[in-house]
>>> print(open('final_38.cif').read())   # mmCIF, C-alpha atoms
data_target
loop_
_atom_site.label_atom_id
_atom_site.label_comp_id
_atom_site.auth_asym_id
_atom_site.auth_seq_id
_atom_site.Cartn_x
_atom_site.Cartn_y
_atom_site.Cartn_z
CA MET C 26 151.35 12.61 99.54
CA HIS C 27 149.12 12.55 96.50
CA ARG C 28 151.22 14.72 94.23
CA ASN C 29 151.56 13.97 90.57
CA PRO C 30 155.35 13.76 90.15
CA SER C 31 155.13 14.62 86.45
CA ARG C 32 153.85 18.10 87.36
CA PRO C 33 156.47 20.80 88.01
CA LEU C 34 157.13 21.79 91.63
CA SER C 35 157.55 25.48 92.30
CA PRO C 36 161.10 26.20 93.53
CA HIS C 37 159.98 27.27 97.00
CA LEU C 38 163.16 26.54 98.98
CA THR C 39 165.86 27.40 96.50
CA VAL C 40 164.73 30.83 95.30
CA TRP C 41 164.84 32.71 98.63
CA LYS C 42 167.79 34.81 99.70
CA TRP C 43 169.15 33.14 102.83
CA GLY C 44 168.54 35.21 105.97
CA PRO C 45 168.93 34.89 109.75
CA HIS C 46 165.21 34.18 110.21
CA MET C 47 165.55 31.08 108.02
CA LEU C 48 168.64 29.93 109.91
CA VAL C 49 166.91 30.43 113.29
CA SER C 50 163.81 28.62 112.06
CA ILE C 51 165.74 25.52 111.04
CA LEU C 52 167.98 25.75 114.12
CA HIS C 53 164.83 25.67 116.27
CA ARG C 54 163.91 22.32 114.71
CA VAL C 55 167.42 20.89 114.73
CA THR C 56 168.06 21.88 118.36
CA GLY C 57 164.59 20.64 119.33
CA ALA C 58 165.26 17.25 117.75
CA GLY C 59 168.72 17.05 119.33
CA LEU C 60 167.39 17.97 122.77
CA SER C 61 164.59 15.42 122.40
CA VAL C 62 166.94 12.54 121.68
CA ALA C 63 170.09 13.35 123.66
CA GLY C 64 168.46 15.41 126.41
CA GLY C 65 165.59 12.95 126.83
CA ALA C 66 167.98 9.99 126.99
CA ALA C 67 170.23 11.75 129.52
CA LEU C 68 167.28 12.65 131.76
CA VAL C 69 165.91 9.09 131.73
CA TRP C 70 169.35 7.57 132.35
CA TRP C 71 170.10 9.95 135.22
CA LEU C 72 166.78 9.23 136.98
CA LEU C 73 166.90 5.44 136.40
CA ALA C 74 170.48 5.35 137.69
CA ALA C 75 169.47 7.29 140.80
CA ALA C 76 166.55 4.91 141.38
CA ASP C 77 168.68 1.82 140.80
CA GLY C 78 171.21 2.57 143.48
CA ARG C 79 174.67 3.76 144.34
CA GLU C 80 176.53 1.63 141.79
CA ALA C 81 174.36 2.50 138.80
CA TYR C 82 174.56 6.15 139.79
CA ALA C 83 178.35 5.98 139.97
CA THR C 84 178.42 4.51 136.45
CA PHE C 85 176.22 7.35 135.20
CA VAL C 86 178.42 9.99 136.85
CA GLU C 87 181.51 8.34 135.40
CA TRP C 88 180.09 8.60 131.87
CA ALA C 89 178.59 12.06 132.37
CA THR C 90 181.84 13.55 133.70
CA TRP C 91 184.11 11.77 131.22
CA LYS C 92 186.03 14.51 129.39
CA TRP C 93 184.95 13.33 125.93
CA ALA C 94 181.32 13.56 127.04
CA LEU C 95 181.80 17.31 126.64
CA ILE C 96 181.31 16.63 122.92
CA ILE C 97 177.69 15.94 123.90
CA TRP C 98 177.23 18.35 126.83
CA ILE C 99 178.55 21.54 125.21
CA PRO C 100 176.43 21.28 122.03
CA LEU C 101 173.48 20.11 124.12
CA SER C 102 173.69 23.15 126.41
CA TRP C 103 173.97 25.40 123.34
CA ALA C 104 170.94 23.64 121.83
CA LEU C 105 168.95 24.26 125.01
CA PHE C 106 169.83 27.98 125.00
CA GLN C 107 169.19 28.35 121.25
CA HIS C 108 165.86 26.48 121.42
CA THR C 109 164.77 28.47 124.50
CA LEU C 110 165.67 31.86 123.02
CA SER C 111 164.08 31.15 119.64
CA GLY C 112 161.10 29.72 121.53
CA LEU C 113 160.75 33.02 123.40
CA ARG C 114 160.99 34.79 120.02
CA HIS C 115 158.18 32.56 118.80
CA PHE C 116 155.96 33.69 121.70
CA VAL C 117 156.35 37.32 120.60
CA MET C 118 155.63 36.39 116.98
CA ASP C 119 152.65 34.25 118.06
CA MET C 120 151.16 37.45 119.47
CA GLY C 121 151.54 39.02 116.05
CA ALA C 122 154.50 41.26 116.92
CA GLY C 123 158.03 41.46 115.58
CA PHE C 124 157.35 40.77 111.93
CA GLU C 125 158.78 44.08 110.62
CA LEU C 126 161.83 43.10 108.58
CA PRO C 127 164.56 44.92 110.57
CA VAL C 128 163.04 43.90 113.93
CA ASN C 129 162.59 40.30 112.82
CA LYS C 130 166.16 40.10 111.54
CA PHE C 131 167.56 41.74 114.68
CA TRP C 132 165.92 39.32 117.11
CA ALA C 133 166.72 36.33 114.92
CA ASN C 134 170.39 37.34 115.12
CA MET C 135 170.08 38.00 118.86
CA THR C 136 168.94 34.42 119.55
CA ILE C 137 172.17 33.19 117.94
CA VAL C 138 174.37 35.72 119.73
CA GLY C 139 172.55 35.05 123.00
CA SER C 140 172.80 31.27 122.84
CA LEU C 141 176.53 31.36 122.03
CA LEU C 142 177.13 33.88 124.84
CA LEU C 143 175.13 31.87 127.39
CA THR C 144 176.93 28.65 126.39
CA ALA C 145 180.32 30.37 126.77
CA LEU C 146 179.31 31.82 130.16
CA LEU C 147 177.98 28.47 131.41
CA TRP C 148 181.12 26.55 130.51
CA ALA C 149 183.45 29.31 131.72
CA TRP C 150 181.60 29.14 135.05
CA ILE C 151 181.73 25.31 135.18
CA ILE C 152 185.44 25.24 134.38
CA LEU C 153 186.32 28.03 136.82
CA GLU C 154 184.02 26.76 139.58
CA LYS C 155 184.61 23.02 139.31
CA GLY C 156 188.08 23.14 137.83
CA ALA C 157 187.01 20.67 135.14
CA MET D 25 117.09 7.01 111.49
CA SER D 26 118.20 10.35 110.18
CA MET D 27 118.04 10.97 106.46
CA GLU D 28 120.58 13.76 106.76
CA THR D 29 123.96 13.41 105.08
CA PRO D 30 127.02 13.61 107.35
CA LEU D 31 127.79 17.03 105.87
CA GLY D 32 124.24 18.21 106.53
CA ARG D 33 124.49 17.17 110.18
CA VAL D 34 127.58 19.26 110.89
CA ARG D 35 126.76 22.24 108.69
CA GLY D 36 126.04 25.38 110.67
CA LEU D 37 127.54 24.04 113.89
CA GLY D 38 130.72 26.02 113.35
CA SER D 39 134.20 24.66 113.87
CA SER D 40 134.78 22.26 116.74
CA GLY D 41 137.25 24.73 118.23
CA GLU D 42 139.83 21.96 118.43
CA GLY D 43 141.80 22.85 115.31
CA ALA D 44 144.50 24.65 117.27
CA HIS D 45 144.67 22.05 120.04
CA HIS D 46 148.10 20.67 119.08
CA TRP D 47 149.49 24.17 118.61
CA TRP D 48 148.12 25.36 121.95
CA ILE D 49 149.39 22.37 123.95
CA GLU D 50 152.81 22.83 122.35
CA ARG D 51 152.86 26.44 123.65
CA LEU D 52 151.46 25.45 127.03
CA THR D 53 154.08 22.73 127.53
CA SER D 54 156.85 25.02 126.30
CA VAL D 55 156.05 27.48 129.10
CA SER D 56 155.73 24.73 131.72
CA THR D 57 158.92 23.00 130.56
CA LEU D 58 160.84 26.26 130.69
CA LEU D 59 159.61 27.05 134.22
CA LEU D 60 160.36 23.50 135.42
CA LEU D 61 163.84 23.53 133.87
CA VAL D 62 164.58 26.76 135.75
CA TRP D 63 163.34 24.98 138.89
CA LEU D 64 165.65 22.02 138.11
CA ALA D 65 168.70 24.26 137.56
CA VAL D 66 168.05 26.26 140.75
CA SER D 67 167.40 23.06 142.76
CA LEU D 68 170.61 21.39 141.57
CA LEU D 69 172.60 24.55 142.33
CA ARG D 70 171.15 24.70 145.85
CA LEU D 71 171.99 21.08 146.67
CA PRO D 72 175.15 20.73 148.77
CA ALA D 73 176.41 17.94 146.47
CA LEU D 74 175.31 15.95 143.43
CA ASP D 75 176.22 12.52 144.79
CA HIS D 76 173.79 9.63 145.10
CA PRO D 77 172.62 10.08 148.73
CA THR D 78 171.96 13.79 148.20
CA ILE D 79 170.05 13.30 144.93
CA VAL D 80 167.95 10.45 146.38
CA GLU D 81 167.13 12.40 149.53
CA TRP D 82 166.10 15.41 147.42
CA LEU D 83 163.96 13.31 145.03
CA ALA D 84 162.35 11.44 147.92
CA GLY D 85 160.81 14.65 149.28
CA PRO D 86 157.61 16.18 147.86
CA LEU D 87 159.39 19.34 146.69
CA GLY D 88 161.84 17.22 144.70
CA ALA D 89 159.58 14.44 143.45
CA VAL D 90 156.45 16.37 142.43
CA PRO D 91 158.09 19.05 140.25
CA MET D 92 160.31 16.33 138.75
CA LEU D 93 157.23 14.26 137.82
CA LEU D 94 155.69 17.37 136.25
CA LEU D 95 158.95 18.11 134.44
CA ILE D 96 158.96 14.62 132.93
CA VAL D 97 155.36 14.87 131.73
CA SER D 98 155.82 18.39 130.40
CA THR D 99 159.14 17.69 128.64
CA PHE D 100 158.13 14.45 126.98
CA TRP D 101 154.75 15.82 125.94
CA HIS D 102 156.39 18.89 124.38
CA LEU D 103 159.03 16.74 122.70
CA LYS D 104 156.40 14.42 121.27
CA LEU D 105 154.34 17.30 119.85
CA GLY D 106 157.41 19.00 118.38
CA LEU D 107 158.86 15.90 116.73
CA GLN D 108 155.42 14.98 115.39
CA VAL D 109 155.29 18.24 113.43
CA VAL D 110 158.77 17.55 112.05
CA ILE D 111 157.62 14.10 110.89
CA GLU D 112 154.42 15.51 109.40
CA ASP D 113 156.40 18.13 107.49
CA TYR D 114 159.16 15.95 106.08
CA VAL D 115 157.70 12.44 105.71
CA HIS D 116 155.38 12.66 102.74
CA ASP D 117 154.45 9.01 102.24
CA ASP D 118 151.28 8.23 104.22
CA GLY D 119 152.40 4.78 105.35
CA ALA D 120 155.84 5.95 106.45
CA LYS D 121 154.30 8.95 108.22
CA LEU D 122 151.93 6.69 110.15
CA PHE D 123 154.82 4.38 111.05
CA TRP D 124 157.10 7.15 112.34
CA ILE D 125 154.34 8.87 114.30
CA MET D 126 153.62 5.54 116.01
CA VAL D 127 157.32 5.00 116.73
CA LEU D 128 157.54 8.53 118.14
CA ASN D 129 154.51 8.09 120.38
CA PHE D 130 155.66 4.73 121.71
CA ALA D 131 159.22 5.98 122.33
CA ALA D 132 158.12 9.19 124.02
CA ILE D 133 155.61 7.43 126.27
CA LEU D 134 158.07 4.63 127.11
CA ALA D 135 160.83 7.09 127.99
CA ALA D 136 158.47 9.20 130.09
CA ALA D 137 157.12 6.11 131.88
CA LEU D 138 160.64 4.93 132.71
CA ALA D 139 161.54 8.34 134.12
CA LEU D 140 158.27 8.57 136.09
CA PHE D 141 158.85 5.07 137.49
CA ALA D 142 162.35 6.03 138.61
CA VAL D 143 161.15 9.12 140.48
CA LEU D 144 158.19 7.28 142.05
CA LYS D 145 160.46 4.45 143.17
CA ILE D 146 162.77 6.91 144.89
CA ALA D 147 159.84 8.83 146.36
CA PHE D 148 158.10 5.74 147.75
CA THR D 149 161.05 3.62 148.83
CA GLY D 150 163.50 6.38 149.73
CA SER D 151 167.20 5.68 149.96
CA ALA D 152 167.14 1.90 150.28
CA ASP D 153 170.90 1.43 150.15
#
>>> encode(input="final_38.cif", output="structure tokens")
Amino acid sequence: MHRNPSRPLSPHLTVWKWGPHMLVSILHRVTGAGLSVAGGAALVWWLLAAADGREAYATFVEWATWKWALIIWIPLSWALFQHTLSGLRHFVMDMGAGFELPVNKFWANMTIVGSLLLTALLWAWIILEKGA
Amino acid sequence: MSMETPLGRVRGLGSSGEGAHHWWIERLTSVSTLLLLVWLAVSLLRLPALDHPTIVEWLAGPLGAVPMLLLIVSTFWHLKLGLQVVIEDYVHDDGAKLFWIMVLNFAAILAAALALFAVLKIAFTGSAD
């Protein structure tokens, strides 16, 4: 960028009072990046393993169902829910609605509550259903 | 040969209408990815098992293969557009920005091509083993 570094930079990030809308905004990016890398890799691996044959697929399943893989799967499922819910919030805001401060704050908080709730429900269901 | 300056040629034509193209495709692919992920979740839940023969049989049929191909295109397109904005926002050096956007495009297209190949192989050759 062609910025003269000897000129002062206005303190745009540090002067704002931290709020849920800022947290949700950055979470949307972080979860999007995480889903892109980990989710994209998992999708490609799963499909290539299925195309390769029984043995490759068994190797994939072995890794995917390894108990320590939950360190990836649980955050990844949360990231999907968080990114989806804040994405839906973005649709409303794209239409020009939901910018009133209390409304904006409420729905920002709701994406966080919702994603945590959905993640808990999903894993409760998986553990109860599959006995993992 | 026109004596007009480049600015003179475009003046009065209005905007190209393409300024919001990236933004619009990002929204379009977010809707399609969401719908296709719901399809994927419902499909996997409806399958009797998630073992290799079942998955291959499902992906070999048109109702498995075609939405999966669309899911791959939609997901990797959306991912590429999203990560590109992140790079554009945080990488300020022009050379580094160009480099990372190229890396992103190559990686996203390579990953999508691998996934598409896998589905097409299953769809066209079926369960070989």
>>> closest_residue(input="final_38.cif", among="D:Thr29, D:Ser67, D:Thr99, D:Ser56", to="chain C", atoms="only C-alpha atoms")
D:Thr99
>>> closest_atom_pairs(input="final_38.cif", of="chain D", to="chain C", cutoff="10 Å", atoms="all atoms listed in the file", output="CSV")
residue,atom,partner,partner_atom,distance
D:Arg51,CA,C:Phe116,CA,8.1
D:Ser54,CA,C:Gly112,CA,7.9
D:Val55,CA,C:Leu113,CA,9.2
D:Leu58,CA,C:Thr109,CA,7.7
D:Leu74,CA,C:Val86,CA,9.4
D:Asp75,CA,C:Tyr82,CA,8.3
D:His76,CA,C:Arg79,CA,6.0
D:Pro77,CA,C:Arg79,CA,8.0
D:Ile79,CA,C:Ala75,CA,7.3
D:Val80,CA,C:Ala75,CA,6.6
D:Leu83,CA,C:Ala75,CA,9.2
D:Met92,CA,C:Leu72,CA,9.8
D:Ile96,CA,C:Leu68,CA,8.6
D:Thr99,CA,C:Gly65,CA,8.2
D:Phe100,CA,C:Gly65,CA,7.6
D:His102,CA,C:Ser61,CA,9.1
D:Leu103,CA,C:Ser61,CA,5.7
D:Lys104,CA,C:Ser61,CA,8.3
D:Gly106,CA,C:Gly57,CA,7.4
D:Leu107,CA,C:Ala58,CA,6.6
D:Val109,CA,C:Arg54,CA,9.6
D:Val110,CA,C:Arg54,CA,7.5
D:Val115,CA,C:Met26,CA,8.9
D:His116,CA,C:Met26,CA,5.1
D:Asp117,CA,C:Met26,CA,5.5
D:Asp118,CA,C:Met26,CA,6.4
D:Gly119,CA,C:Met26,CA,9.8
D:Lys121,CA,C:Met26,CA,9.9
D:Ala132,CA,C:Gly65,CA,8.8
D:Ala135,CA,C:Val69,CA,6.6
D:Ala136,CA,C:Val69,CA,7.6
D:Ala137,CA,C:Val69,CA,9.3
D:Leu138,CA,C:Val69,CA,6.8
D:Ala139,CA,C:Val69,CA,5.0
D:Leu140,CA,C:Leu72,CA,8.6
D:Phe141,CA,C:Leu73,CA,8.1
D:Ala142,CA,C:Leu73,CA,5.1
D:Val143,CA,C:Leu72,CA,6.6
D:Leu144,CA,C:Ala76,CA,8.7
D:Lys145,CA,C:Ala76,CA,6.4
D:Ile146,CA,C:Ala76,CA,5.5
D:Ala147,CA,C:Ala76,CA,9.2
D:Thr149,CA,C:Ala76,CA,9.3
D:Gly150,CA,C:Ala76,CA,9.0
D:Ser151,CA,C:Gly78,CA,8.2
D:Ala152,CA,C:Gly78,CA,8.0
D:Asp153,CA,C:Gly78,CA,6.8
>>> residues_around(input="final_38.cif", residues="Lys130 of chain C", least_positions_apart="4", cutoff="10 Å", atoms="only C-alpha atoms", output="VMD selection string")
chain C and resid 44 to 47 49 123 to 126 134 to 135
>>> closest_residue(input="final_38.cif", among="D:Leu105, D:Leu94, D:Ile125, D:Ala84", to="His46 of chain D", atoms="all atoms listed in the file")
D:Leu105
>>> residues_around(input="final_38.cif", residues="segment 104-108 of chain C", least_positions_apart="5", cutoff="8 Å", atoms="only C-alpha atoms", output="list of chain:residue names")
C:Leu52, C:His53, C:Thr56, C:Gly57, C:Gly59, C:Leu60, C:Thr136, C:Ile137, C:Gly139, C:Ser140, C:Leu141, C:Leu143, C:Thr144
>>> atom_distance(input="final_38.cif", atom1="atom CA of Leu146 of chain C", atom2="atom CA of Pro100 of chain C")
13.6 Å
>>> atom_distance(input="final_38.cif", atom1="atom CA of Leu101 of chain C", atom2="atom CA of Lys155 of chain C")
19.1 Å
